[in-house]
Amino acid sequence: METGGIGSFELVHWIWPPVLVATAAWLWHRSRRRLTRWRKVAAGAALSLTALIGLGGTYESIGAAVDLRRYEAPGALVELADGRRMHLNCSGSGAPTVVLEALSGGASPGWGWIQRGLSEQVRVCSYDRPGRGWSDPVSEPQDAREIAGQLAELLDRAQEPGPYVLVGHSLGGLYARMFADRYPERVAGMVLLDAAHPEQFERQEGAEDEHESYRSFQKSFAPMARLGIWRLYFDLGGTFDFGGLPPVERGQLKAIWSSPALFHSQRYENDAVRSVHRQVRPLGAAGDFPLMVITAGEQPEDWLELQEEMTELSPNATQRVIEGATHVSLIFDRQDAAQVTRGVLDVWRSANGSGPL
């Protein structure tokens, strides 16, 4: 059974690659004397491709086993009522606790710079939604209510008392708003970090087409991971957008992004995105707690307008635009992440009784 996003594999994933290679070799040995010249060429090409697929699968299985040993969970694996384990990584001290809700497809190591910076002054927790990082896998899409409920149970079972300052990045902003709606007494403040807007598909030009295009393209990601293609990319020095993270977290994300489990989880999440937006749309005001909308400056004008609109969710709200920042550099770039950290600390101080933002 798969056990999460790092080093996750079933026994069959160990067996099929060498069996495929051996079968290709056996078929070639048995058939090469009976075939005409051109059929030998075609059969050789087909069997070579089969053997290459088997070698790629072997490469992935070995790499996953190495990752499982190299990258132990930095936090605790907390068992929920249904038996599923979720990874919660908390550090620092001081109330209220800051809880970090990752962007779509994200995992806890992505908060590397921000969690390090916050933990020097406050208590901060990042976690992995099912199928990510060190959490157990997910087998179907989950909506915003399920995500919020899981987070509440995770924090309860880990004995991390509220209320919390929630930080929601991108789609994580919608999850944070759902949490605040379901558990208002457990929220002391909120940071919407370049967060998704529940009406963005209707009001942002091209957003729906881009989302559907990505969903179609994403279908190939898990098979590519199973064949070791993503692992090869990282072994050759690739880093996607997270090359600016500290070395430890960068290595962890390379391992996570090599795993088929991550891409299954991402696909389920993208399948649920529209329902998540529909669930959050009617919620209205988030509450009267301190709220900061932190926005990446390198975004289209219609996105910036939606960001500004979210300051209306609380009477104690403000917006900060980080000029030159992109949607992902807010967490992956050290300087941009430092500005985000300062914003979160300002909300924390206000939530702790130091006055309005």
# chains A, B, ... in the order shown; residues from 1 in each chain; ligands from 1
>>> select_by_dssp(residues="range 171-347 of chain A", states="strand (DSSP E or B)", output="JSON, numbers by chain")
{"A": [187, 188, 189, 190, 191, 192, 193, 291, 292, 293, 294, 295, 296, 317, 318, 319, 320, 321, 322]}
>>> residues_around(residues="range 97-106 of chain A", least_positions_apart="4", cutoff="6 Å", atoms="only C-alpha atoms", output="NGL selection string")
:A and (123-126 or 164-172 or 266)
>>> write_last_selection(atoms="C-alpha atoms", output="PDB file, in the first residue's frame")
ATOM      1  CA  ARG A 123       4.522  28.823  16.808  1.00  0.00           C
ATOM      2  CA  VAL A 124       3.923  27.750  13.199  1.00  0.00           C
ATOM      3  CA  CYS A 125       2.567  24.562  11.616  1.00  0.00           C
ATOM      4  CA  SER A 126       2.623  23.375   8.030  1.00  0.00           C
ATOM      5  CA  TYR A 164      -5.022  30.163  14.793  1.00  0.00           C
ATOM      6  CA  VAL A 165      -3.699  32.668  12.310  1.00  0.00           C
ATOM      7  CA  LEU A 166      -4.437  31.001   8.974  1.00  0.00           C
ATOM      8  CA  VAL A 167      -2.196  31.613   5.965  1.00  0.00           C
ATOM      9  CA  GLY A 168      -3.729  30.410   2.700  1.00  0.00           C
ATOM     10  CA  HIS A 169      -1.704  30.508  -0.518  1.00  0.00           C
ATOM     11  CA  SER A 170      -3.588  30.380  -3.830  1.00  0.00           C
ATOM     12  CA  LEU A 171      -6.250  27.629  -3.583  1.00  0.00           C
ATOM     13  CA  GLY A 172      -5.225  27.309   0.074  1.00  0.00           C
ATOM     14  CA  GLN A 266      -2.928  16.834  -7.618  1.00  0.00           C
TER      15      GLN A 266
END
>>> residues_around(residues="Val280 in chain A", least_positions_apart="4", cutoff="7 Å", atoms="only C-alpha atoms", output="MDAnalysis selection string")
chainID A and resid 174 178 198 276
>>> write_last_selection(atoms="N, CA, C and O atoms", output="short mmCIF file (atom, residue, chain, number, x, y, z; two decimals), in the first residue's frame")
data_model
loop_
_atom_site.label_atom_id
_atom_site.label_comp_id
_atom_site.auth_asym_id
_atom_site.auth_seq_id
_atom_site.Cartn_x
_atom_site.Cartn_y
_atom_site.Cartn_z
N LEU A 174 -8.89 29.56 -0.26
CA LEU A 174 -10.30 29.13 -0.21
C LEU A 174 -10.50 28.12 0.91
O LEU A 174 -11.52 28.14 1.61
N MET A 178 -12.98 28.57 4.19
CA MET A 178 -13.95 27.56 4.60
C MET A 178 -13.72 27.17 6.06
O MET A 178 -14.69 27.01 6.83
N PRO A 198 -13.17 33.17 -5.25
CA PRO A 198 -14.20 32.18 -5.61
C PRO A 198 -14.92 32.47 -6.92
O PRO A 198 -15.59 31.59 -7.46
N VAL A 276 -14.94 23.52 -5.14
CA VAL A 276 -14.37 24.30 -4.04
C VAL A 276 -14.74 25.77 -4.19
O VAL A 276 -15.17 26.43 -3.23
#
>>> closest_atom_pairs(of="range 203-227 of chain A", to="range 187-197 of chain A", cutoff="12 Å", atoms="only C-alpha atoms", output="CSV")
residue,atom,partner,partner_atom,distance
A:Arg203,CA,A:His197,CA,9.5
A:Gln204,CA,A:His197,CA,9.6
A:Ala207,CA,A:Ala196,CA,11.2
>>> residues_around(residues="Glu323 in chain A", least_positions_apart="6", cutoff="8 Å", atoms="only C-alpha atoms", output="list in words")
Ala296, Gly297 and Glu298 of chain A
>>> residues_around(residues="Asp128 in chain A", least_positions_apart="6", cutoff="8 Å", atoms="only C-alpha atoms", output="ChimeraX atom specification")
/A:86-88,107-108,134-135
>>> closest_residue(among="A:Gln200, A:Gln150, A:Ser216, A:Ser91", to="Arg281 in chain A", atoms="only C-alpha atoms")
A:Gln200
>>> atom_distance(atom1="CA of Gly63 in chain A", atom2="CA of Arg231 in chain A")
7.7 Å
>>> residues_around(residues="range 272-275 of chain A", least_positions_apart="6", cutoff="9 Å", atoms="only C-alpha atoms", output="ChimeraX atom specification")
/A:141-144,171,198,201
>>> residues_around(residues="Asp302 in chain A", least_positions_apart="3", cutoff="9 Å", atoms="only C-alpha atoms", output="ChimeraX atom specification")
/A:203-205,299,305-307
>>> closest_residue(among="A:Pro260, A:Gly75, A:Gly162, A:Pro137", to="Phe221 in chain A", atoms="only C-alpha atoms")
A:Pro260
>>> closest_residue(among="A:His327, A:Arg186, A:Arg250, A:His264", to="Phe289 in chain A", atoms="only C-alpha atoms")
A:Arg186
>>> select_by_dssp(residues="range 217-328 of chain A", states="helix (DSSP H, G or I)", output="ChimeraX atom specification")
/A:217-218,221-226,229-235,247-256,260-283,301-313
>>> closest_residue(among="A:Pro290, A:Gly110, A:Gly353, A:Gly284", to="Gly244 in chain A", atoms="only C-alpha atoms")
A:Gly110
>>> closest_residue(among="A:Ala286, A:Ala65, A:Ala81, A:Ala261", to="Tyr175 in chain A", atoms="only C-alpha atoms")
A:Ala286
>>> decode(residues="range 311-331 of chain A", atoms="C-alpha atoms", output="PDB file, in the first residue's frame")
ATOM      1  CA  THR A 311      -9.973  43.238   1.678  1.00  0.00           C
ATOM      2  CA  GLU A 312     -13.749  43.657   2.091  1.00  0.00           C
ATOM      3  CA  LEU A 313     -13.925  40.312   3.911  1.00  0.00           C
ATOM      4  CA  SER A 314     -13.048  41.919   7.273  1.00  0.00           C
ATOM      5  CA  PRO A 315     -13.437  45.425   8.744  1.00  0.00           C
ATOM      6  CA  ASN A 316      -9.855  45.091  10.013  1.00  0.00           C
ATOM      7  CA  ALA A 317      -8.165  44.372   6.674  1.00  0.00           C
ATOM      8  CA  THR A 318      -5.303  45.679   4.598  1.00  0.00           C
ATOM      9  CA  GLN A 319      -3.480  44.765   1.412  1.00  0.00           C
ATOM     10  CA  ARG A 320       0.216  44.589   0.606  1.00  0.00           C
ATOM     11  CA  VAL A 321       1.482  44.201  -2.936  1.00  0.00           C
ATOM     12  CA  ILE A 322       4.986  42.749  -3.252  1.00  0.00           C
ATOM     13  CA  GLU A 323       6.317  44.371  -6.383  1.00  0.00           C
ATOM     14  CA  GLY A 324       8.252  42.085  -8.698  1.00  0.00           C
ATOM     15  CA  ALA A 325       6.972  38.947  -6.993  1.00  0.00           C
ATOM     16  CA  THR A 326       5.220  36.128  -8.843  1.00  0.00           C
ATOM     17  CA  HIS A 327       2.587  33.719  -7.586  1.00  0.00           C
ATOM     18  CA  VAL A 328       5.207  31.138  -6.580  1.00  0.00           C
ATOM     19  CA  SER A 329       8.168  33.373  -5.748  1.00  0.00           C
ATOM     20  CA  LEU A 330       6.176  34.530  -2.703  1.00  0.00           C
ATOM     21  CA  ILE A 331       7.223  31.283  -1.016  1.00  0.00           C
TER      22      ILE A 331
END
